file target06.pdb (PDB, C-alpha atoms)
ATOM      1  CA  MET A   8      72.274  73.528 178.886
ATOM      2  CA  ILE A   9      69.813  76.131 180.311
ATOM      3  CA  GLU A  10      69.631  76.287 184.133
ATOM      4  CA  SER A  11      66.293  76.666 186.081
ATOM      5  CA  ASN A  12      65.368  79.782 188.030
ATOM      6  CA  VAL A  13      63.774  80.034 191.591
ATOM      7  CA  CYS A  14      61.354  82.706 192.797
ATOM      8  CA  ASN A  15      62.678  84.463 195.902
ATOM      9  CA  ASN A  16      59.102  85.389 196.972
ATOM     10  CA  CYS A  17      57.254  82.073 196.883
ATOM     11  CA  GLY A  18      60.064  79.621 196.355
ATOM     12  CA  LYS A  19      58.444  78.107 193.266
ATOM     13  CA  GLY A  20      60.517  77.035 190.328
ATOM     14  CA  ALA A  21      60.512  78.822 187.018
ATOM     15  CA  LEU A  22      62.375  78.722 183.708
ATOM     16  CA  ALA A  23      65.638  80.560 183.512
ATOM     17  CA  THR A  24      64.213  82.676 180.706
ATOM     18  CA  ASP A  25      61.258  83.830 182.808
ATOM     19  CA  THR A  26      61.378  87.342 184.197
ATOM     20  CA  ILE A  27      58.157  87.119 186.326
ATOM     21  CA  CYS A  28      57.057  84.284 188.570
ATOM     22  CA  TRP A  29      53.927  82.701 187.129
ATOM     23  CA  HIS A  30      52.841  81.642 190.587
ATOM     24  CA  CYS A  31      52.947  84.900 192.566
ATOM     25  CA  GLY A  32      53.775  87.528 189.984
ATOM     26  CA  ALA A  33      57.039  88.570 191.686
ATOM     27  CA  LYS A  34      59.945  89.721 189.586
ATOM     28  CA  LEU A  35      62.531  86.951 189.113
ATOM     29  CA  PRO A  36      66.346  87.346 189.258
ATOM     30  CA  LYS A  37      68.342  86.744 186.066
ATOM     31  CA  ALA A  38      69.799  83.238 185.859
ATOM     32  CA  ALA A  39      73.176  82.373 184.216
ATOM     33  CA  ILE A  40      72.956  80.716 180.828
ATOM     34  CA  GLU A  41      75.584  78.035 180.219
ATOM     35  CA  THR A  42      76.494  77.654 176.613
ATOM     36  CA  ALA A  43      77.715  74.258 175.636
ATOM     37  CA  VAL A  44      80.954  74.187 173.566
ATOM     38  CA  ILE A  45      80.692  71.755 170.691
ATOM     39  CA  PRO A  46      84.071  70.503 169.376
ATOM     40  CA  ASP A  47      84.881  71.287 165.726
ATOM     41  CA  PRO A  48      86.319  68.134 164.075
ATOM     42  CA  ASP A  49      87.607  70.128 161.078
ATOM     43  CA  ALA A  50      89.719  72.350 163.373
ATOM     44  CA  ASP A  51      91.318  69.293 165.022
ATOM     45  CA  LEU A  52      92.082  67.762 161.636
ATOM     46  CA  LEU A  53      93.621  71.036 160.409
ATOM     47  CA  ALA A  54      95.839  71.238 163.527
ATOM     48  CA  GLN A  55      97.001  67.673 162.982
ATOM     49  CA  GLU A  56      97.818  68.350 159.315
ATOM     50  CA  ARG A  57      99.800  71.469 160.256
ATOM     51  CA  SER A  58     101.772  69.491 162.819
ATOM     52  CA  LYS A  59     102.588  66.801 160.246
ATOM     53  CA  THR A  60     103.625  69.438 157.701
ATOM     54  CA  ALA A  61     105.988  71.044 160.224
ATOM     55  CA  VAL A  62     107.551  67.646 160.979
ATOM     56  CA  TYR A  63     108.071  66.972 157.262
ATOM     57  CA  ILE A  64     109.670  70.384 156.731
ATOM     58  CA  TYR A  65     112.062  69.965 159.647
ATOM     59  CA  ALA A  66     112.943  66.443 158.488
ATOM     60  CA  ALA A  67     113.630  67.682 154.960
ATOM     61  CA  LEU A  68     115.807  70.541 156.223
ATOM     62  CA  PHE A  69     117.757  68.172 158.452
ATOM     63  CA  ALA A  70     118.301  65.708 155.597
ATOM     64  CA  PHE A  71     119.429  68.518 153.290
ATOM     65  CA  THR A  72     121.877  69.793 155.922
ATOM     66  CA  VAL A  73     123.327  66.317 156.450
ATOM     67  CA  LEU A  74     123.700  65.727 152.699
ATOM     68  CA  ALA A  75     125.313  69.137 152.201
ATOM     69  CA  LEU A  76     127.761  68.446 155.013
ATOM     70  CA  MET A  77     128.595  65.028 153.584
ATOM     71  CA  GLY A  78     129.109  66.568 150.133
ATOM     72  CA  THR A  79     131.414  69.221 151.554
ATOM     73  CA  LEU A  80     133.462  66.667 153.451
ATOM     74  CA  TYR A  81     133.696  64.487 150.348
ATOM     75  CA  ALA A  82     134.824  67.426 148.219
ATOM     76  CA  LEU A  83     137.421  68.425 150.792
ATOM     77  CA  GLY A  84     138.619  64.846 150.942
ATOM     78  CA  LYS A  85     139.122  64.805 147.162
ATOM     79  CA  ARG A  86     141.092  68.041 147.075
ATOM     80  CA  PRO A  87     144.860  67.667 146.844
ATOM     81  CA  LEU A  88     146.776  68.308 150.037
ATOM     82  CA  PHE A  89     149.955  70.296 150.489
ATOM     83  CA  VAL A  90     153.108  68.459 151.408
ATOM     84  CA  LEU A  91     154.959  71.299 153.087
ATOM     85  CA  ASN A  92     158.673  71.725 152.503
ATOM     86  CA  GLY A  93     159.174  74.703 154.817
ATOM     87  CA  LYS A  94     159.434  77.280 151.998
ATOM     88  CA  THR A  95     155.814  78.215 151.542
ATOM     89  CA  GLU A  96     155.996  81.996 152.018
ATOM     90  CA  ARG A  97     155.112  83.802 148.778
ATOM     91  CA  PRO A  98     156.901  87.097 148.007
ATOM     92  CA  ALA A  99     154.729  90.148 147.389
ATOM     93  CA  GLY A 100     153.414  90.313 143.828
ATOM     94  CA  TRP A 101     154.169  86.654 143.055
ATOM     95  CA  THR A 102     151.516  84.266 141.776
ATOM     96  CA  ALA A 103     150.747  80.819 143.166
ATOM     97  CA  VAL A 104     150.231  78.422 140.251
ATOM     98  CA  THR A 105     148.779  74.896 140.379
ATOM     99  CA  ASP A 106     149.009  72.649 137.328
ATOM    100  CA  GLN A 107     145.827  71.476 135.597
ATOM    101  CA  SER A 108     146.193  67.949 136.976
ATOM    102  CA  GLN A 109     146.540  69.360 140.521
ATOM    103  CA  THR A 110     149.735  67.406 141.155
ATOM    104  CA  PHE A 111     151.913  70.316 142.280
ATOM    105  CA  THR A 112     151.943  74.038 142.970
ATOM    106  CA  LEU A 113     154.660  76.688 142.893
ATOM    107  CA  ASN A 114     155.149  80.457 142.966
ATOM    108  CA  LEU A 115     156.090  82.566 139.949
ATOM    109  CA  PRO A 116     157.372  86.157 139.902
ATOM    110  CA  PRO A 117     155.359  88.957 138.259
ATOM    111  CA  ASN A 118     155.213  89.084 134.446
ATOM    112  CA  TRP A 119     155.757  85.356 133.972
ATOM    113  CA  GLU A 120     153.738  83.218 131.552
ATOM    114  CA  TRP A 121     153.305  79.460 131.824
ATOM    115  CA  LEU A 122     151.881  76.378 130.139
ATOM    116  CA  ASP A 123     151.153  72.945 131.575
ATOM    117  CA  ASN A 124     149.407  71.376 128.594
ATOM    118  CA  SER A 125     151.799  69.064 126.785
ATOM    119  CA  ASP A 126     150.282  69.605 123.327
ATOM    120  CA  GLU A 127     150.375  73.384 123.684
ATOM    121  CA  MET A 128     153.948  73.259 124.987
ATOM    122  CA  MET A 129     155.086  71.248 121.993
ATOM    123  CA  ASP A 130     153.340  73.652 119.608
ATOM    124  CA  VAL A 131     155.042  76.615 121.255
ATOM    125  CA  LEU A 132     158.474  75.013 121.350
ATOM    126  CA  PHE A 133     158.502  73.577 117.846
ATOM    127  CA  GLU A 134     156.281  75.983 115.901
ATOM    128  CA  GLY A 135     156.464  79.171 117.937
ATOM    129  CA  ASP A 136     153.596  81.302 119.152
ATOM    130  CA  GLU A 137     153.507  85.049 118.594
ATOM    131  CA  GLY A 138     151.127  85.498 121.519
ATOM    132  CA  MET A 139     153.400  83.812 124.029
ATOM    133  CA  LYS A 140     157.168  84.021 124.356
ATOM    134  CA  MET A 141     158.773  80.716 125.302
ATOM    135  CA  PRO A 142     162.430  79.711 125.596
ATOM    136  CA  ALA A 143     164.108  78.488 122.442
ATOM    137  CA  LEU A 144     164.018  74.755 121.902
ATOM    138  CA  SER A 145     167.833  74.708 121.904
ATOM    139  CA  ALA A 146     167.909  76.186 125.424
ATOM    140  CA  VAL A 147     165.408  73.600 126.691
ATOM    141  CA  GLU A 148     167.392  70.779 125.108
ATOM    142  CA  THR A 149     170.585  72.104 126.673
ATOM    143  CA  ALA A 150     168.979  72.258 130.129
ATOM    144  CA  VAL A 151     167.601  68.687 130.099
ATOM    145  CA  LEU A 152     170.207  66.891 127.984
ATOM    146  CA  PRO A 153     172.499  65.942 130.915
ATOM    147  CA  PHE A 154     169.683  63.845 132.462
ATOM    148  CA  LEU A 155     168.538  61.848 129.461
ATOM    149  CA  THR A 156     170.906  58.974 130.270
ATOM    150  CA  SER A 157     169.933  58.645 133.954
ATOM    151  CA  VAL A 158     166.198  59.389 133.644
ATOM    152  CA  PRO A 159     165.257  58.800 129.989
ATOM    153  CA  ASP A 160     161.490  58.570 130.592
ATOM    154  CA  SER A 161     161.194  62.081 132.047
ATOM    155  CA  LYS A 162     158.496  64.194 130.423
ATOM    156  CA  LEU A 163     158.136  67.953 130.359
ATOM    157  CA  THR A 164     154.939  68.786 132.292
ATOM    158  CA  PHE A 165     155.300  72.540 132.921
ATOM    159  CA  ILE A 166     157.129  75.417 131.296
ATOM    160  CA  ALA A 167     157.245  79.117 132.225
ATOM    161  CA  GLN A 168     159.229  82.187 131.256
ATOM    162  CA  GLN A 169     159.398  85.849 132.049
ATOM    163  CA  GLU A 170     157.706  87.851 129.323
ATOM    164  CA  ALA A 171     160.621  89.980 128.155
ATOM    165  CA  GLU A 172     163.771  88.312 129.474
ATOM    166  CA  SER A 173     165.640  85.033 129.223
ATOM    167  CA  PRO A 174     164.886  83.214 132.534
ATOM    168  CA  PHE A 175     162.695  80.135 132.223
ATOM    169  CA  LEU A 176     161.479  77.279 134.407
ATOM    170  CA  LEU A 177     160.855  73.648 133.470
ATOM    171  CA  VAL A 178     159.188  70.877 135.474
ATOM    172  CA  LEU A 179     159.886  67.286 134.426
ATOM    173  CA  HIS A 180     158.286  64.165 135.841
ATOM    174  CA  GLY A 181     158.798  60.442 135.347
ATOM    175  CA  ASP A 182     158.936  57.013 136.961
ATOM    176  CA  ALA A 183     162.730  56.847 136.730
ATOM    177  CA  LEU A 184     162.965  60.145 138.594
ATOM    178  CA  ALA A 185     160.664  58.785 141.311
ATOM    179  CA  GLN A 186     162.859  55.688 141.659
ATOM    180  CA  THR A 187     166.102  57.678 141.718
ATOM    181  CA  SER A 188     167.118  59.274 144.994
ATOM    182  CA  PRO A 189     168.651  62.760 144.986
ATOM    183  CA  ARG A 190     172.012  61.299 146.006
ATOM    184  CA  GLN A 191     171.869  58.753 143.203
ATOM    185  CA  LEU A 192     171.079  61.446 140.649
ATOM    186  CA  ILE A 193     174.005  63.625 141.702
ATOM    187  CA  ALA A 194     176.302  60.590 141.794
ATOM    188  CA  ALA A 195     175.248  59.622 138.258
ATOM    189  CA  MET A 196     175.869  63.157 137.054
ATOM    190  CA  LYS A 197     179.356  63.108 138.511
ATOM    191  CA  ASP A 198     180.165  59.580 137.328
ATOM    192  CA  GLU A 199     179.120  60.326 133.750
ATOM    193  CA  PRO A 200     179.792  64.037 133.292
ATOM    194  CA  SER A 201     178.589  65.732 130.142
ATOM    195  CA  PRO A 202     181.405  67.182 128.024
ATOM    196  CA  THR A 203     179.388  70.388 127.617
ATOM    197  CA  ALA A 204     178.054  70.711 131.172
ATOM    198  CA  GLU A 205     179.772  71.442 134.481
ATOM    199  CA  ILE A 206     177.909  70.431 137.657
ATOM    200  CA  VAL A 207     178.686  72.614 140.696
ATOM    201  CA  ASP A 208     177.278  73.621 144.089
ATOM    202  CA  THR A 209     175.634  70.292 144.907
ATOM    203  CA  SER A 210     173.733  69.843 148.173
ATOM    204  CA  ILE A 211     171.186  67.464 149.706
ATOM    205  CA  ILE A 212     168.156  68.838 151.538
ATOM    206  CA  GLU A 213     166.682  66.364 154.025
ATOM    207  CA  ASN A 214     162.926  66.665 154.387
ATOM    208  CA  SER A 215     160.792  64.117 156.243
ATOM    209  CA  LEU A 216     157.599  65.265 154.486
ATOM    210  CA  THR A 217     158.618  65.432 150.836
ATOM    211  CA  GLY A 218     161.616  63.133 150.980
ATOM    212  CA  ASP A 219     165.189  64.221 150.359
ATOM    213  CA  GLN A 220     165.797  66.863 147.728
ATOM    214  CA  ALA A 221     168.903  67.652 145.699
ATOM    215  CA  ASP A 222     169.958  71.170 144.770
ATOM    216  CA  PHE A 223     172.740  71.732 142.262
ATOM    217  CA  ARG A 224     173.814  74.122 139.542
ATOM    218  CA  ILE A 225     175.100  73.398 136.053
ATOM    219  CA  ASN A 226     177.059  75.728 133.846
ATOM    220  CA  PHE A 227     176.997  75.318 130.072
ATOM    221  CA  PRO A 228     179.975  77.383 128.917
ATOM    222  CA  GLU A 229     179.484  76.658 125.223
ATOM    223  CA  GLN A 230     175.814  77.614 125.361
ATOM    224  CA  ALA A 231     176.211  80.734 127.577
ATOM    225  CA  ILE A 232     173.500  79.497 129.948
ATOM    226  CA  ARG A 233     173.338  78.595 133.647
ATOM    227  CA  CYS A 234     170.705  76.515 135.400
ATOM    228  CA  GLN A 235     169.666  75.723 138.956
ATOM    229  CA  TYR A 236     168.106  72.319 139.579
ATOM    230  CA  ARG A 237     166.047  70.674 142.279
ATOM    231  CA  HIS A 238     165.216  66.972 142.256
ATOM    232  CA  VAL A 239     162.220  66.170 144.463
ATOM    233  CA  GLN A 240     161.929  62.528 145.432
ATOM    234  CA  ALA A 241     158.253  62.443 144.423
ATOM    235  CA  GLY A 242     159.545  62.122 140.853
ATOM    236  CA  TYR A 243     160.005  65.741 139.834
ATOM    237  CA  LEU A 244     162.990  67.560 138.411
ATOM    238  CA  LEU A 245     162.823  71.359 138.395
ATOM    239  CA  VAL A 246     165.056  73.335 136.064
ATOM    240  CA  ALA A 247     165.437  77.122 136.401
ATOM    241  CA  CYS A 248     167.741  78.773 133.860
ATOM    242  CA  ALA A 249     168.919  82.148 132.580
ATOM    243  CA  ASP A 250     171.408  83.428 130.061
ATOM    244  CA  GLU A 251     174.967  83.725 131.356
ATOM    245  CA  GLY A 252     174.891  87.524 131.254
ATOM    246  CA  GLU A 253     171.577  87.768 133.174
ATOM    247  CA  TYR A 254     171.973  84.863 135.562
ATOM    248  CA  GLY A 255     173.258  86.975 138.458
ATOM    249  CA  ARG A 256     170.166  89.225 138.337
ATOM    250  CA  TYR A 257     167.797  86.279 138.624
ATOM    251  CA  THR A 258     169.655  83.903 140.928
ATOM    252  CA  ALA A 259     167.454  84.713 143.958
ATOM    253  CA  ASP A 260     164.203  84.524 141.972
ATOM    254  CA  LEU A 261     165.159  81.200 140.432
ATOM    255  CA  PHE A 262     165.996  79.756 143.850
ATOM    256  CA  ASN A 263     162.734  81.050 145.340
ATOM    257  CA  MET A 264     160.753  79.411 142.551
ATOM    258  CA  LEU A 265     162.441  76.073 143.142
ATOM    259  CA  SER A 266     161.953  76.350 146.902
ATOM    260  CA  SER A 267     158.242  77.137 146.531
ATOM    261  CA  PHE A 268     157.535  73.899 144.681
ATOM    262  CA  GLN A 269     154.962  71.795 146.539
ATOM    263  CA  PRO A 270     153.951  68.267 145.480
ATOM    264  CA  LEU A 271     150.252  67.633 146.117
ATOM    265  CA  ASN A 272     148.810  64.416 147.529
ATOM    266  CA  ASN A 273     145.581  63.431 145.780
TER     267      ASN A 273
END
call {"tool": "encode", "arguments": {"input": "target06.pdb", "output": "structure tokens"}}
result
Amino acid sequence: MIESNVCNNCGKGALATDTICWHCGAKLPKAAIETAVIPDPDADLLAQERSKTAVYIYAALFAFTVLALMGTLYALGKRPLFVLNGKTERPAGWTAVTDQSQTFTLNLPPNWEWLDNSDEMMDVLFEGDEGMKMPALSAVETAVLPFLTSVPDSKLTFIAQQEAESPFLLVLHGDALAQTSPRQLIAAMKDEPSPTAEIVDTSIIENSLTGDQADFRINFPEQAIRCQYRHVQAGYLLVACADEGEYGRYTADLFNMLSSFQPLNN
């Protein structure tokens, strides 16, 4: 809107664009010109669209964050959990090994090889494998034979051995083992002793988390082999053996391996 102008000399009105009064010829003062601001509908629409886009982006980011968090929590919930037995410290240079089924974990000394695939273990034991040294089948049979009467359904689920020496480790699992308490297993061994095996150094380890455990040692004089055993109430029997002449060198390592065994809750 354009404002009117007034002549200071004669007081007559004039247009704001006039510079001289048409009535008296006097010079007129400059009048302010007010420029009307016309709203731009396209600019308002663009601002609204930008606001909506920002809301959508924030909503999408929030949803993605929530889904990612839920996925992480679900994955963590599906991971197996440790059942601590108080012997979790791993010696320097040792390797923590978890079986393929994620049912247990244990520590192995340096330069040890292992298998936890039943088909591969049978191939190695019965047919041999030049790329991997495993204990002789006769030694494995000797180590597990005393238990076949008490826990006949036990299956070999893990086998390991040092690369260049005689020590080896076996892990057996079965329903009968899970239903047999450590005390019952030791009692059965003593009630029906094997003519070729001598059970010694028996002890019960009470553990409120994993259940009671049994530690004992068996000598096999005719086979020149000694073995340490641990029966875990979750249904596992661990067997750690070495040749008679080397047993003293590996006693501590064998015990540490047995003590590091951790059942996993799925």
call {"tool": "atom_distance", "arguments": {"input": "target06.pdb", "atom1": "CA of Gln186 in chain A", "atom2": "CA of Trp121 in chain A"}}
result
27.4 Å
call {"tool": "resolve_selection", "arguments": {"input": "target06.pdb", "expression": "the PyMOL selection byres ((chain A and resi 173) around 12)", "output": "compact mmCIF listing (two decimals) with C-alpha atoms, in the frame of the given file"}}
result
# COMPACT_ATOMS: atom_id res chain seq x y z
CA TRP A 119 155.76 85.36 133.97
CA LYS A 140 157.17 84.02 124.36
CA MET A 141 158.77 80.72 125.30
CA PRO A 142 162.43 79.71 125.60
CA ALA A 143 164.11 78.49 122.44
CA ALA A 146 167.91 76.19 125.42
CA VAL A 147 165.41 73.60 126.69
CA ALA A 167 157.24 79.12 132.22
CA GLN A 168 159.23 82.19 131.26
CA GLN A 169 159.40 85.85 132.05
CA GLU A 170 157.71 87.85 129.32
CA ALA A 171 160.62 89.98 128.16
CA GLU A 172 163.77 88.31 129.47
CA PRO A 174 164.89 83.21 132.53
CA PHE A 175 162.70 80.14 132.22
CA LEU A 176 161.48 77.28 134.41
CA ALA A 231 176.21 80.73 127.58
CA ILE A 232 173.50 79.50 129.95
CA ARG A 233 173.34 78.60 133.65
CA CYS A 234 170.70 76.52 135.40
CA ALA A 247 165.44 77.12 136.40
CA CYS A 248 167.74 78.77 133.86
CA ALA A 249 168.92 82.15 132.58
CA ASP A 250 171.41 83.43 130.06
CA GLU A 251 174.97 83.72 131.36
CA GLY A 252 174.89 87.52 131.25
CA GLU A 253 171.58 87.77 133.17
CA TYR A 254 171.97 84.86 135.56
CA ARG A 256 170.17 89.22 138.34
CA TYR A 257 167.80 86.28 138.62
CA LEU A 261 165.16 81.20 140.43
call {"tool": "resolve_selection", "arguments": {"input": "target06.pdb", "expression": "the PyMOL selection byres ((chain A and resi 218-225) around 8)", "output": "list in words"}}
result
Ser188, Pro189, Arg190, Ile193, Ala204, Glu205, Ile206, Val207, Asp208, Thr209, Ser210, Ile211, Ile212, Glu213, Asn214, Ser215, Leu216, Thr217, Asn226, Phe227, Arg233, Cys234, Gln235, Tyr236, Arg237, His238, Val239, Gln240 and Ala241 of chain A
call {"tool": "write_last_selection", "arguments": {"input": "target06.pdb", "atoms": "C-alpha atoms", "output": "JSON list (two decimals), in the coordinates of the input"}}
result
[["chain", "number", "residue", "atom", "x", "y", "z"],
["A", 188, "SER", "CA", 167.12, 59.27, 144.99],
["A", 189, "PRO", "CA", 168.65, 62.76, 144.99],
["A", 190, "ARG", "CA", 172.01, 61.30, 146.01],
["A", 193, "ILE", "CA", 174.00, 63.62, 141.70],
["A", 204, "ALA", "CA", 178.05, 70.71, 131.17],
["A", 205, "GLU", "CA", 179.77, 71.44, 134.48],
["A", 206, "ILE", "CA", 177.91, 70.43, 137.66],
["A", 207, "VAL", "CA", 178.69, 72.61, 140.70],
["A", 208, "ASP", "CA", 177.28, 73.62, 144.09],
["A", 209, "THR", "CA", 175.63, 70.29, 144.91],
["A", 210, "SER", "CA", 173.73, 69.84, 148.17],
["A", 211, "ILE", "CA", 171.19, 67.46, 149.71],
["A", 212, "ILE", "CA", 168.16, 68.84, 151.54],
["A", 213, "GLU", "CA", 166.68, 66.36, 154.02],
["A", 214, "ASN", "CA", 162.93, 66.67, 154.39],
["A", 215, "SER", "CA", 160.79, 64.12, 156.24],
["A", 216, "LEU", "CA", 157.60, 65.26, 154.49],
["A", 217, "THR", "CA", 158.62, 65.43, 150.84],
["A", 226, "ASN", "CA", 177.06, 75.73, 133.85],
["A", 227, "PHE", "CA", 177.00, 75.32, 130.07],
["A", 233, "ARG", "CA", 173.34, 78.60, 133.65],
["A", 234, "CYS", "CA", 170.70, 76.52, 135.40],
["A", 235, "GLN", "CA", 169.67, 75.72, 138.96],
["A", 236, "TYR", "CA", 168.11, 72.32, 139.58],
["A", 237, "ARG", "CA", 166.05, 70.67, 142.28],
["A", 238, "HIS", "CA", 165.22, 66.97, 142.26],
["A", 239, "VAL", "CA", 162.22, 66.17, 144.46],
["A", 240, "GLN", "CA", 161.93, 62.53, 145.43],
["A", 241, "ALA", "CA", 158.25, 62.44, 144.42]]
call {"tool": "closest_residue", "arguments": {"input": "target06.pdb", "among": "A:Pro117, A:Gly242, A:Glu199, A:Asn263", "to": "Thr156 in chain A", "atoms": "all atoms listed in the file"}}
result
A:Glu199
call {"tool": "atom_distance", "arguments": {"input": "target06.pdb", "atom1": "CA of Lys197 in chain A", "atom2": "CA of Leu163 in chain A"}}
result
23.2 Å
call {"tool": "closest_residue", "arguments": {"input": "target06.pdb", "among": "A:Gln191, A:Asn118, A:Thr60, A:Asn16", "to": "Thr102 in chain A", "atoms": "only C-alpha atoms"}}
result
A:Asn118
call {"tool": "atom_distance", "arguments": {"input": "target06.pdb", "atom1": "CA of Leu152 in chain A", "atom2": "CA of Met196 in chain A"}}
result
11.3 Å
call {"tool": "closest_residue", "arguments": {"input": "target06.pdb", "among": "A:Ser58, A:Thr203, A:Thr164, A:Thr110", "to": "Glu229 in chain A", "atoms": "only C-alpha atoms"}}
result
A:Thr203
call {"tool": "resolve_selection", "arguments": {"input": "target06.pdb", "expression": "the PyMOL selection byres ((chain A and resi 33) around 12)", "output": "count of residues only"}}
result
19
call {"tool": "residues_near_point", "arguments": {"input": "target06.pdb", "point": "(162.7, 71.2, 133.6)", "cutoff": "6 Å", "atoms": "only C-alpha atoms", "output": "PyMOL selection string"}}
result
chain A and resi 177-179+245-246
call {"tool": "axis_aligned_box", "arguments": {"input": "target06.pdb", "around": "range 252-263 of chain A", "padding_each_side": "4 Å", "output": "JSON"}}
result
{"center_x": 168.8, "center_y": 84.5, "center_z": 138.3, "size_x": 20.2, "size_y": 17.5, "size_z": 22.1}
call {"tool": "closest_residue", "arguments": {"input": "target06.pdb", "among": "A:Phe111, A:Lys59, A:Tyr243, A:Trp101", "to": "Pro270 in chain A", "atoms": "all atoms listed in the file"}}
result
A:Phe111
